[in-house]
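Have a look at my_file.txt; it's compact mmCIF, C-alpha atoms:
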```
# COMPACT_ATOMS: atom_id res chain seq x y z
CA MET A 239 68.12 123.04 98.38
CA ARG A 240 70.23 122.20 101.40
CA TYR A 241 67.07 121.39 103.37
CA LEU A 242 65.70 119.24 100.61
CA ARG A 243 68.96 117.32 100.51
CA MET A 244 68.76 116.72 104.25
CA LEU A 245 65.19 115.54 103.89
CA PHE A 246 66.01 113.18 101.05
CA LEU A 247 69.01 111.87 102.96
CA SER A 248 66.73 111.10 105.89
CA ILE A 249 64.26 109.33 103.61
CA PHE A 250 67.09 107.32 102.08
CA LEU A 251 68.40 106.28 105.50
CA LEU A 252 64.95 105.31 106.70
CA THR A 253 64.00 103.33 103.62
CA GLY A 254 67.24 101.41 103.87
CA THR A 255 66.71 100.26 107.41
CA ASN A 256 63.75 97.94 107.41
CA GLY A 257 60.32 96.97 106.25
CA TRP A 258 58.43 98.70 109.01
CA CYS A 259 57.41 102.25 108.97
CA GLN A 260 56.64 104.12 112.09
CA GLU A 261 54.31 107.01 112.53
CA LEU A 262 54.53 107.77 116.22
CA TYR A 263 56.02 111.13 115.40
CA VAL A 264 57.41 113.34 118.11
CA ALA A 265 56.57 116.88 117.00
CA THR A 266 53.27 116.12 115.28
CA ASP A 267 50.48 113.57 115.50
CA PRO A 268 49.80 111.18 112.61
CA ALA A 269 46.31 111.02 111.11
CA SER A 270 45.92 107.65 112.80
CA ASN A 271 44.17 108.19 116.09
CA MET A 272 44.69 106.35 119.33
CA PRO A 273 42.68 103.14 119.62
CA ALA A 274 39.18 103.51 121.03
CA LYS A 275 39.08 103.24 124.82
CA SER A 276 42.78 103.79 125.29
CA LEU A 277 44.54 106.30 127.51
CA GLY A 278 47.95 107.87 127.09
CA PHE A 279 49.91 109.62 129.82
CA ARG A 280 52.70 111.90 128.63
CA LEU A 281 55.44 113.84 130.35
CA ASN A 282 57.21 116.26 128.04
CA TYR A 283 60.33 118.28 128.66
CA LYS A 284 61.58 121.02 126.35
CA GLY A 285 64.90 122.57 127.21
CA MET A 286 66.97 125.29 125.65
CA GLU A 287 69.97 127.34 126.40
CA SER A 288 69.81 131.08 126.95
CA PRO A 289 73.00 133.13 127.23
CA SER A 290 72.90 132.83 130.99
CA ARG A 291 71.17 129.56 131.86
CA ILE A 292 69.39 126.39 130.79
CA MET A 293 65.64 126.85 130.64
CA GLY A 294 63.08 124.07 130.81
CA ARG A 295 59.40 123.48 130.21
CA TYR A 296 57.55 120.56 131.80
CA GLN A 297 54.23 119.48 130.40
CA ALA A 298 51.92 116.77 131.71
CA GLU A 299 49.39 115.50 129.20
CA VAL A 300 46.56 112.98 129.17
CA ARG A 301 45.16 111.69 125.89
CA ALA A 302 42.17 109.47 125.31
CA GLY A 303 40.78 107.62 122.32
CA LEU A 304 37.06 108.14 122.96
CA THR A 305 35.96 106.30 119.82
CA LYS A 306 37.82 104.95 116.84
CA LYS A 307 37.39 108.35 115.19
CA LEU A 308 37.71 110.83 118.04
CA MET A 309 40.73 111.52 120.20
CA VAL A 310 40.99 114.24 122.86
CA MET A 311 43.89 115.57 124.86
CA GLY A 312 44.46 117.92 127.75
CA ALA A 313 47.71 119.21 129.25
CA PHE A 314 49.16 121.79 131.57
CA SER A 315 52.65 123.16 131.63
CA PHE A 316 55.24 124.76 133.87
CA SER A 317 58.38 126.56 132.79
CA ASP A 318 61.08 129.02 133.72
CA TYR A 319 61.22 130.46 130.23
CA TYR A 320 59.90 133.85 131.24
CA GLN A 321 61.24 134.13 134.78
CA LEU A 322 63.94 132.49 136.83
CA LYS A 323 61.59 130.28 138.81
CA THR A 324 59.63 127.42 137.28
CA GLN A 325 55.94 128.23 137.50
CA PHE A 326 52.57 127.25 136.14
CA GLU A 327 51.98 128.88 132.77
CA GLY A 328 48.87 127.50 131.15
CA VAL A 329 46.65 124.74 129.84
CA GLN A 330 46.36 123.16 126.42
CA LEU A 331 43.40 121.26 125.01
CA GLY A 332 42.96 119.47 121.73
CA MET A 333 40.97 117.01 119.70
CA GLN A 334 41.49 115.06 116.51
CA TYR A 335 38.84 113.50 114.31
CA ARG A 336 39.80 110.75 111.89
CA LEU A 337 38.11 111.57 108.60
CA PHE A 338 38.98 108.52 106.58
CA SER A 339 41.22 105.51 106.51
CA LYS A 340 42.13 103.55 103.40
CA ASP A 341 44.05 100.58 104.74
CA ARG A 342 45.70 97.80 102.83
CA VAL A 343 48.17 95.30 104.19
CA HIS A 344 51.27 97.18 103.13
CA ARG A 345 49.84 100.56 102.31
CA HIS A 346 47.56 103.04 103.91
CA LEU A 347 46.32 106.56 103.59
CA ARG A 348 44.61 108.30 106.46
CA GLY A 349 43.25 111.76 106.96
CA ALA A 350 42.29 113.66 110.07
CA LEU A 351 41.10 117.08 111.18
CA TRP A 352 42.21 118.62 114.43
CA ALA A 353 41.68 121.61 116.69
CA ARG A 354 43.85 122.93 119.49
CA TYR A 355 43.21 125.51 122.13
CA SER A 356 45.78 126.98 124.43
CA HIS A 357 45.61 129.45 127.26
CA SER A 358 48.91 130.89 128.44
CA LEU A 359 49.68 133.23 131.31
CA ASN A 360 53.00 134.19 129.75
CA PRO A 361 53.73 137.55 128.13
CA GLN A 362 53.26 136.84 124.48
CA HIS A 363 56.06 138.35 122.57
CA LEU A 364 57.21 135.32 120.63
CA SER A 365 56.13 134.81 117.08
CA ASP A 366 56.81 131.18 116.31
CA LEU A 367 53.30 130.18 117.26
CA ASN A 368 53.13 127.10 119.41
CA PHE A 369 50.46 125.86 121.69
CA SER A 370 52.66 124.24 124.27
CA GLY A 371 52.71 127.16 126.70
CA ASP A 372 53.91 130.27 124.89
CA HIS A 373 50.69 131.43 123.28
CA SER A 374 46.98 131.73 123.86
CA GLY A 375 44.83 130.96 120.90
CA ILE A 376 43.37 128.39 118.60
CA SER A 377 44.75 126.29 115.82
CA LEU A 378 42.75 124.34 113.26
CA GLY A 379 44.15 121.98 110.70
CA GLY A 380 44.37 118.67 108.98
CA THR A 381 46.78 115.79 108.66
CA LEU A 382 47.40 113.29 105.89
CA THR A 383 49.48 110.20 106.64
CA GLN A 384 50.55 107.95 103.79
CA LEU A 385 52.58 104.81 103.93
CA ILE A 386 54.49 104.48 100.66
CA HIS A 387 56.79 101.53 100.19
CA LYS A 388 58.56 101.32 103.53
CA VAL A 389 58.21 104.85 104.80
CA ALA A 390 55.32 106.59 106.51
CA PHE A 391 55.02 110.20 105.47
CA SER A 392 52.80 112.55 107.33
CA THR A 393 51.99 116.11 106.50
CA THR A 394 50.00 118.64 108.44
CA ILE A 395 48.69 122.02 107.52
CA GLY A 396 47.09 124.35 109.99
CA TRP A 397 45.81 127.84 110.61
CA SER A 398 46.52 129.49 113.92
CA ASN A 399 45.40 132.65 115.56
CA VAL A 400 46.33 134.02 118.94
CA TYR A 401 44.67 136.25 121.43
CA TYR A 402 46.67 138.14 123.93
CA THR A 403 46.50 137.71 127.66
CA GLN A 404 49.53 139.95 128.15
CA ARG A 405 50.57 141.59 124.96
CA GLU A 406 53.89 143.25 124.39
CA SER A 407 53.84 146.08 121.90
CA GLY A 408 55.54 145.97 118.56
CA PHE A 409 54.45 142.50 117.46
CA ASP A 410 51.39 141.37 115.68
CA GLN A 411 51.11 137.72 114.92
CA GLY A 412 47.83 137.85 113.05
CA ASN A 413 46.99 134.66 111.20
CA THR A 414 49.67 132.08 110.81
CA ILE A 415 49.81 129.08 108.51
CA THR A 416 51.79 126.19 109.95
CA GLY A 417 52.91 123.07 108.17
CA SER A 418 54.99 119.99 108.68
CA LEU A 419 56.38 116.99 106.89
CA SER A 420 57.39 113.95 108.94
CA ILE A 421 58.91 110.60 108.12
CA GLY A 422 59.80 107.66 110.30
CA GLY A 423 61.18 104.14 110.27
CA LEU A 424 62.16 101.23 112.49
CA ALA A 425 65.91 101.00 113.15
CA TYR A 426 65.97 98.07 115.56
CA PRO A 427 65.27 95.18 115.58
CA LEU A 428 66.22 94.74 111.94
CA LYS A 429 63.88 91.81 111.56
CA TYR A 430 60.54 92.25 113.19
CA SER A 431 60.41 90.39 116.48
CA SER A 432 57.66 87.96 117.39
CA SER A 433 57.51 89.32 120.91
CA PHE A 434 55.75 92.41 122.18
CA LYS A 435 58.45 92.70 124.84
CA LYS A 436 61.30 93.39 122.43
CA THR A 437 62.43 97.00 122.62
CA ASN A 438 61.98 98.85 119.33
CA VAL A 439 64.13 101.76 118.23
CA ASN A 440 62.65 104.18 115.72
CA LEU A 441 64.15 107.11 113.87
CA TYR A 442 62.28 110.18 112.73
CA ALA A 443 62.88 113.38 110.82
CA GLU A 444 60.36 116.18 110.87
CA MET A 445 60.34 119.53 109.08
CA LEU A 446 58.26 122.12 110.91
CA GLY A 447 57.44 125.53 109.63
CA GLY A 448 55.20 128.55 109.89
CA TRP A 449 54.41 131.53 107.73
CA ASN A 450 52.62 134.74 108.53
CA SER A 451 52.18 137.26 105.75
CA GLY A 452 50.66 139.82 108.09
CA TYR A 453 53.49 139.68 110.59
CA GLU A 454 55.01 142.98 111.55
CA GLY A 455 57.67 143.34 114.15
CA VAL A 456 61.02 144.79 114.99
CA ILE A 457 64.04 142.79 115.95
CA GLY A 458 66.80 145.11 117.08
CA LEU A 459 66.48 147.99 114.68
CA HIS A 460 65.20 145.89 111.80
CA PRO A 461 61.56 145.92 110.88
CA ILE A 462 60.42 142.44 109.95
CA GLN A 463 57.58 141.53 107.64
CA ASN A 464 56.41 138.21 106.26
CA GLY A 465 57.40 136.27 109.33
CA HIS A 466 58.46 132.68 108.85
CA TRP A 467 60.39 129.90 110.47
CA LEU A 468 61.52 126.46 109.41
CA ASP A 469 62.99 123.79 111.68
CA LEU A 470 64.32 120.28 111.29
CA GLN A 471 63.69 117.96 114.21
CA PRO A 472 65.34 114.54 114.11
CA ALA A 473 64.37 112.14 116.88
CA ILE A 474 65.13 108.73 118.25
CA GLN A 475 62.42 106.76 119.98
CA PHE A 476 62.53 103.69 122.20
CA ILE A 477 59.40 101.60 122.65
CA PHE A 478 59.40 99.27 125.63
CA ASN A 479 57.01 96.35 125.93
CA SER A 480 54.97 97.83 123.05
CA GLN A 481 53.36 100.11 125.59
CA THR A 482 55.81 102.73 126.85
CA ARG A 483 57.79 105.10 124.67
CA LEU A 484 60.71 107.40 125.29
CA ASP A 485 61.44 110.08 122.70
CA LEU A 486 64.59 112.14 122.43
CA ALA A 487 64.55 114.92 119.87
CA TYR A 488 66.54 117.97 118.92
CA ARG A 489 65.12 120.88 117.01
CA PHE A 490 67.46 122.76 114.69
CA GLU A 491 66.43 126.05 113.25
CA LEU A 492 67.04 126.07 109.53
CA ASP A 493 65.69 129.50 108.82
CA ALA A 494 63.68 132.10 110.73
CA ASN A 495 63.08 135.81 110.82
CA VAL A 496 60.68 135.96 113.73
CA ARG A 497 61.35 136.44 117.41
CA ARG A 498 61.48 133.12 119.19
CA MET A 499 62.66 131.78 122.50
CA GLY A 500 65.69 130.12 120.97
CA PRO A 501 66.73 128.62 117.67
CA ASN A 502 67.46 125.13 118.98
CA MET A 503 65.73 122.99 121.53
CA VAL A 504 66.09 119.58 123.10
CA MET A 505 63.01 117.51 123.85
CA PHE A 506 62.30 114.41 125.93
CA ARG A 507 59.01 112.61 126.17
CA LEU A 508 57.87 109.65 128.19
CA GLU A 509 54.49 108.16 127.33
CA HIS A 510 52.67 105.19 128.74
CA LEU A 511 49.61 103.76 127.03
CA LEU A 512 46.75 101.83 128.56
CA PHE A 513 44.76 99.82 126.02
CA LYS A 514 41.14 98.98 126.73
CA ALA A 515 41.22 101.32 129.71
CA TRP A 516 37.46 101.23 130.23
CA MET B 60 18.47 77.39 91.70
CA LEU B 61 18.87 77.78 95.43
CA PHE B 62 19.93 75.17 97.93
CA LEU B 63 19.07 75.64 101.55
CA ALA B 64 20.29 73.18 104.09
CA VAL B 65 20.27 73.04 107.86
CA LEU B 66 22.93 70.99 109.57
CA SER B 67 21.68 71.01 113.09
CA SER B 68 24.18 71.10 115.84
CA GLN B 69 24.20 73.00 119.11
CA ALA B 70 27.93 72.59 119.69
CA GLN B 71 30.41 75.34 118.93
CA THR B 72 31.37 74.89 115.29
CA MET B 73 34.10 77.51 115.02
CA THR B 74 37.38 76.42 116.57
CA SER B 75 40.01 78.91 115.44
CA ALA B 76 40.59 81.85 113.12
CA THR B 77 43.46 83.37 111.19
CA LEU B 78 43.25 87.11 110.93
CA GLN B 79 45.22 89.30 108.55
CA ILE B 80 45.15 92.92 109.61
CA SER B 81 45.90 95.91 107.47
CA GLY B 82 47.21 99.26 108.56
CA LEU B 83 49.40 97.95 111.37
CA THR B 84 52.70 99.77 111.32
CA CYS B 85 54.19 99.45 114.77
CA SER B 86 54.39 97.22 117.79
CA MET B 87 52.15 99.56 119.82
CA CYS B 88 49.44 99.26 117.16
CA GLN B 89 49.76 95.51 117.30
CA LYS B 90 49.59 95.33 121.04
CA SER B 91 46.45 97.47 121.12
CA THR B 92 44.84 95.14 118.55
CA TYR B 93 45.99 92.10 120.50
CA LYS B 94 44.51 93.44 123.73
CA ALA B 95 41.27 94.34 121.98
CA LEU B 96 40.90 90.85 120.50
CA LEU B 97 41.81 89.19 123.78
CA SER B 98 38.95 91.08 125.47
CA LEU B 99 36.39 89.20 123.33
CA PRO B 100 34.49 86.69 125.51
CA PHE B 101 34.87 83.83 123.03
CA VAL B 102 38.64 84.18 122.47
CA LYS B 103 40.69 81.69 124.46
CA SER B 104 44.20 82.59 123.27
CA ILE B 105 46.02 84.44 120.50
CA GLU B 106 49.23 83.64 118.69
CA THR B 107 50.81 86.51 116.81
CA ASP B 108 52.99 86.74 113.77
CA LEU B 109 54.00 90.35 114.01
CA ALA B 110 56.13 90.34 110.88
CA LYS B 111 53.14 89.37 108.76
CA ALA B 112 50.54 91.25 110.83
CA LYS B 113 48.71 87.95 111.40
CA PHE B 114 46.83 86.87 114.49
CA ILE B 115 45.75 83.29 115.12
CA LEU B 116 42.79 83.11 117.48
CA GLN B 117 41.79 79.98 119.40
CA PHE B 118 38.15 80.02 120.44
CA LYS B 119 36.58 78.77 123.65
CA THR B 120 34.35 75.75 123.20
CA ASP B 121 31.50 77.00 125.37
CA VAL B 122 31.00 80.58 124.12
CA ALA B 123 29.42 81.41 120.77
CA VAL B 124 31.80 83.08 118.31
CA ASP B 125 30.64 86.29 116.67
CA PRO B 126 32.80 87.22 113.65
CA ASP B 127 31.26 90.70 113.53
CA LEU B 128 32.64 91.44 116.99
CA ILE B 129 36.11 90.50 115.75
CA SER B 130 35.95 93.14 113.02
CA LYS B 131 34.49 95.69 115.42
CA GLU B 132 37.39 95.29 117.84
CA VAL B 133 39.97 95.56 115.06
CA GLU B 134 38.30 98.68 113.65
CA ASP B 135 37.95 100.29 117.09
CA ALA B 136 41.67 99.80 117.53
CA GLY B 137 42.09 101.87 114.37
CA PHE B 138 42.77 99.17 111.78
CA ALA B 139 40.94 96.91 109.36
CA ILE B 140 40.68 93.22 108.58
CA ALA B 141 42.28 92.29 105.27
CA GLY B 142 41.51 88.59 105.58
CA LEU B 143 39.63 86.30 107.95
CA THR B 144 39.67 82.52 107.75
CA ILE B 145 37.75 80.54 110.36
CA ALA B 146 38.04 76.80 110.91
CA VAL B 147 34.49 75.47 111.00
CA SER B 148 33.42 71.88 111.77
CA MET B 149 31.24 70.67 108.92
CA PRO B 150 29.51 67.42 108.06
CA LYS B 151 30.05 65.99 104.60
CA VAL B 152 28.40 68.23 102.04
CA SER B 153 28.77 68.95 98.33
CA ILE B 154 28.58 72.66 97.74
CA GLU B 155 26.23 73.89 95.05
CA LYS B 156 26.35 77.29 93.41
CA ASP B 157 25.37 79.98 95.94
CA GLN B 158 24.53 77.32 98.48
CA HIS B 159 22.99 78.57 101.71
CA LEU B 160 23.82 76.37 104.66
CA LYS B 161 23.09 76.55 108.35
CA ILE B 162 25.92 75.18 110.45
CA GLY B 163 25.38 75.33 114.19
CA GLN B 164 23.56 78.57 114.85
CA ARG B 165 24.78 80.47 111.83
CA TRP B 166 23.84 80.77 108.18
CA TYR B 167 26.52 80.69 105.50
CA HIS B 168 26.31 81.54 101.83
CA PHE B 169 29.02 79.80 99.78
CA VAL B 170 30.29 82.05 97.00
CA ASN B 171 32.48 80.85 94.15
CA SER B 172 32.76 77.37 95.70
CA ALA B 173 30.40 75.23 93.60
CA GLY B 174 31.37 71.64 92.94
CA LYS B 175 33.56 71.21 96.01
CA THR B 176 32.89 68.56 98.63
CA VAL B 177 33.90 69.25 102.20
CA GLU B 178 33.92 67.35 105.47
CA GLY B 179 35.39 67.83 108.95
CA VAL B 180 37.19 70.99 110.01
CA VAL B 181 37.16 73.27 106.99
CA ASN B 182 38.84 76.66 106.60
CA LEU B 183 36.21 79.09 105.42
CA GLN B 184 37.37 82.42 104.11
CA PHE B 185 34.93 85.14 105.16
CA ILE B 186 34.36 87.64 102.37
CA ASP B 187 31.71 90.02 103.71
CA LYS B 188 32.42 93.72 103.97
CA HIS B 189 34.72 94.37 106.97
CA PHE B 190 36.38 90.96 106.48
CA VAL B 191 38.21 91.71 103.23
CA GLU B 192 39.82 94.76 101.67
CA ASP B 193 37.39 96.99 99.79
CA SER B 194 38.86 96.08 96.42
CA GLN B 195 38.33 92.38 97.11
CA PHE B 196 34.78 93.04 98.21
CA LEU B 197 34.13 94.53 94.78
CA VAL B 198 35.65 91.50 93.06
CA TYR B 199 33.36 89.12 94.97
CA SER B 200 30.37 91.42 94.41
CA ASN B 201 30.77 90.69 90.72
CA LYS B 202 30.78 86.94 91.31
CA THR B 203 27.33 86.70 92.85
CA ASP B 204 23.99 88.18 91.85
CA TYR B 205 22.70 87.87 95.38
CA GLY B 206 21.81 91.17 97.03
CA CYS B 207 22.44 89.64 100.45
CA TYR B 208 26.18 89.91 99.80
CA LYS B 209 26.01 93.69 99.89
CA THR B 210 24.20 93.81 103.23
CA GLY B 211 25.21 90.57 104.94
CA LYS B 212 21.55 90.09 105.80
CA MET B 213 19.26 87.35 104.49
CA ALA B 214 16.83 88.84 102.02
CA ALA B 215 14.39 87.96 99.28
CA CYS B 216 17.26 86.65 97.20
CA CYS B 217 17.99 83.97 99.80
CA HIS B 218 14.51 82.51 100.14
CA SER B 219 10.99 82.91 98.89
CA GLY B 220 9.13 81.30 101.76
CA ASP B 221 9.33 81.45 105.50
CA GLN B 222 13.06 80.98 105.91
CA PRO B 223 14.74 82.86 108.74
CA SER B 224 16.03 86.35 108.19
CA GLY B 225 19.05 87.86 109.86
CA ARG B 226 22.81 87.72 109.54
CA ILE B 227 24.26 85.49 106.86
CA TYR B 228 28.00 85.13 106.42
CA HIS B 229 29.40 84.94 102.92
CA VAL B 230 32.27 82.51 102.66
CA THR B 231 34.41 80.88 100.05
CA LEU B 232 36.56 77.76 100.04
```
This structure in structure tokens:
Amino acid sequence: MRYLRMLFLSIFLLTGTNGWCQELYVATDPASNMPAKSLGFRLNYKGMESPSRIMGRYQAEVRAGLTKKLMVMGAFSFSDYYQLKTQFEGVQLGMQYRLFSKDRVHRHLRGALWARYSHSLNPQHLSDLNFSGDHSGISLGGTLTQLIHKVAFSTTIGWSNVYYTQRESGFDQGNTITGSLSIGGLAYPLKYSSSFKKTNVNLYAEMLGGWNSGYEGVIGLHPIQNGHWLDLQPAIQFIFNSQTRLDLAYRFELDANVRRMGPNMVMFRLEHLLFKAW
Amino acid sequence: MLFLAVLSSQAQTMTSATLQISGLTCSMCQKSTYKALLSLPFVKSIETDLAKAKFILQFKTDVAVDPDLISKEVEDAGFAIAGLTIAVSMPKVSIEKDQHLKIGQRWYHFVNSAGKTVEGVVNLQFIDKHFVEDSQFLVYSNKTDYGCYKTGKMAACCHSGDQPSGRIYHVTL
């Protein structure tokens, strides 16, 4: 109930701010693809605190809207999560296909299917499946994005499976179902500007979770079954010149019983878009 | 009863357009649409009303305007046209029911406009598929018996003899 209250509070705050919804979510992609013939260059940083140090992951990503329906992305990452020195840890590939788009002036519903592939050189002993460097495997899923009144909601559901490049004993991820619910809104300017140059500030709240009924592991002396995790990730986003965005986000763990790198995480992202790139 | 008329003119007849776009939710979306429209060879300049998701296009005088390319660019950017009005230079003409008219190089089919007389620069609202929302397309479909509305192509419904075939734009006043 506490989580639902937080979610509804976020919705309330976002609906109160303005008449423009935003769906450039930080943790997930909306069902709306990139425009055809556009390129996006992303630099992502994910940092967290361990008992002894601050650890960071750096990811460079290129995304392209090949057609109005098909978007592809490729990335590679470095981190010092698993050793003291920052080193190359793997590549991530993905694609998203826009299934349908029902657009009206102040309302839209869009659906997309996506696939992700990740290859990681890291020892895979974490169980909150993510394809940003910790795991090797595939993830398949779909996204629905709906603009209702003044808020854009987006929900994803996915199935993930990992294979092990370096497996540590005692953990079996098996199949994992992941899901998310994201909302976003424009916080500044309050009245929509007539200039593309005006900096926009957007606020987001995203709930991110995973569930694995086949999960078996041991944390300390406790055997764990039915692995799950649930996070809340609020974010603030600055859009400069309608072409460059800076995202700042913080992930809070609401509930989890699986082994993960850390409960909380800070995230920065810088992305520059080129429209009509070819 | 069908009225076909050819108003011959080689000059550019379309001077500007007002475009209402649906699905735009952020300034990045708008900029991508703006850049896409600006890349069209016949677009001279674009004014934007971001709050209303409207774009006002001024056309070049020496390059033929292709409304289908406008909708293609908007859709490639990930959005859809909810309304398109183009200012077209017309001689004096009284519009009959389902009048077919050639202005410049293009054929127009006037829907739901019978009895009106026009002259000079006239704002024509384009109502073909891809120029209006789907629900509006259905409404107009019920207002004309002409099969050409569904396809946007001249067909047997438009002429019985040796009239030209090809693209015909459905417009209303």
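The interface of chain B with chain A at 6 Å, considering only C-alpha atoms, consists of Ser81, Gly82, Thr84, Cys85, Ser86, Met87, Ser91, Leu109, Ala110, Asp135, Ala136 and Gly137 of chain B.
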For Val191 in chain B, find every residue with an atom within 10 Å (counting all atoms listed in the file), except residues of its own chain fewer than 6 positions away, and show them as a list in words.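 Answer for this query is Arg342 of chain A; Gln79, Ile80, Ser81, Ala139, Ile140, Ala141, Gly142, Leu143, Gln184, Phe185, Leu197 and Tyr199 of chain B.
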How about saving the chosen residues, C-alpha atoms kept, as an mmCIF file, in the frame of the given file?
```
data_model
loop_
_atom_site.group_PDB
_atom_site.id
_atom_site.type_symbol
_atom_site.label_atom_id
_atom_site.label_comp_id
_atom_site.auth_asym_id
_atom_site.auth_seq_id
_atom_site.Cartn_x
_atom_site.Cartn_y
_atom_site.Cartn_z
ATOM 1 C CA ARG A 342 45.700 97.800 102.830
ATOM 2 C CA GLN B 79 45.220 89.300 108.550
ATOM 3 C CA ILE B 80 45.150 92.920 109.610
ATOM 4 C CA SER B 81 45.900 95.910 107.470
ATOM 5 C CA ALA B 139 40.940 96.910 109.360
ATOM 6 C CA ILE B 140 40.680 93.220 108.580
ATOM 7 C CA ALA B 141 42.280 92.290 105.270
ATOM 8 C CA GLY B 142 41.510 88.590 105.580
ATOM 9 C CA LEU B 143 39.630 86.300 107.950
ATOM 10 C CA GLN B 184 37.370 82.420 104.110
ATOM 11 C CA PHE B 185 34.930 85.140 105.160
ATOM 12 C CA LEU B 197 34.130 94.530 94.780
ATOM 13 C CA TYR B 199 33.360 89.120 94.970
#
```
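Separating CA of Gln164 in chain B from CA of Ser98 in chain B is a distance of 22.5 Å.
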Residue with smallest distance to Lys323 in chain A - pool A:Arg280, A:Met499, A:Arg291, A:Leu367, counting only C-alpha atoms: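 Checking each candidate against Lys323 in chain A, we get A:Arg291 as the closest.
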Distance CA of Thr394 in chain A-CA of Val504 in chain A, one decimal place? 21.8 Å
Å distance separating CA of Gly375 in chain A from CA of Arg354 in chain A, one decimal place: 8.2 Å
Give me the residues within 10 Å of Val147 in chain B as a PyMOL selection string, counting all atoms listed in the file and dropping any in the same chain fewer than 3 places off. chain B and resi 71-76+144+150+162-163+178-183
Compile the contact shell of Ile129 in chain B as a list in words: residues with an atom at most 7 Å away, counting all atoms listed in the file, same-chain residues fewer than 4 positions apart removed. Leu96, Asp125 and Val133 of chain B
Can you tell me, as a ChimeraX atom specification, what residues are no more than 7 Å from Ser130 in chain B when counting only C-alpha atoms, ignoring any on the same chain fewer than 2 positions away? /B:126-128,132-134,140,189-190
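Of the listed residues (B:Ala146, B:Lys119, B:Arg226, B:Gln89), B:Lys119 comes nearest to Lys103 in chain B; the distances count all atoms listed in the file.
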Give me, as a ChimeraX atom specification, all polymer residues having an atom no more than 10 Å from Asn171 in chain B, counting all atoms listed in the file and skipping those fewer than 3 positions away in the same chain. /B:154-158,168,174-175,199,202-203,230-232
Shortest interatomic distance to His373 in chain A - which of A:Ile395, A:Val329, A:Leu351, A:Leu486, counting only C-alpha atoms: A:Val329
Using all atoms listed in the file, can you tell me which of A:Glu444, A:Asp493, A:Glu454, A:Asp372 comes closest to Gly328 in chain A? A:Asp372
Would you fill out range 102-113 of chain B with N, CA and C atoms and return it as a CSV table (one decimal), in the coordinates of the input?
```csv
chain,number,residue,atom,x,y,z
B,102,VAL,N,37.2,84.4,122.8
B,102,VAL,CA,38.6,84.2,122.5
B,102,VAL,C,39.4,83.6,123.6
B,103,LYS,N,40.0,82.4,123.4
B,103,LYS,CA,40.7,81.7,124.5
B,103,LYS,C,42.2,82.2,124.5
B,104,SER,N,42.8,82.2,123.3
B,104,SER,CA,44.2,82.6,123.3
B,104,SER,C,44.5,83.1,121.9
B,105,ILE,N,45.6,83.9,121.8
B,105,ILE,CA,46.0,84.4,120.5
B,105,ILE,C,47.5,84.2,120.3
B,106,GLU,N,47.8,83.7,119.1
B,106,GLU,CA,49.2,83.6,118.7
B,106,GLU,C,49.4,84.8,117.7
B,107,THR,N,50.6,85.4,117.7
B,107,THR,CA,50.8,86.5,116.8
B,107,THR,C,52.0,86.3,115.9
B,108,ASP,N,51.9,86.7,114.7
B,108,ASP,CA,53.0,86.7,113.8
B,108,ASP,C,53.1,88.2,113.4
B,109,LEU,N,53.9,88.9,114.2
B,109,LEU,CA,54.0,90.4,114.0
B,109,LEU,C,54.6,90.8,112.7
B,110,ALA,N,55.5,90.0,112.2
B,110,ALA,CA,56.1,90.3,110.9
B,110,ALA,C,55.1,90.4,109.7
B,111,LYS,N,54.1,89.5,109.8
B,111,LYS,CA,53.1,89.4,108.8
B,111,LYS,C,51.8,90.0,109.2
B,112,ALA,N,51.8,90.6,110.3
B,112,ALA,CA,50.5,91.2,110.8
B,112,ALA,C,49.4,90.2,110.9
B,113,LYS,N,49.7,89.0,111.3
B,113,LYS,CA,48.7,88.0,111.4
B,113,LYS,C,48.5,87.6,112.9
```
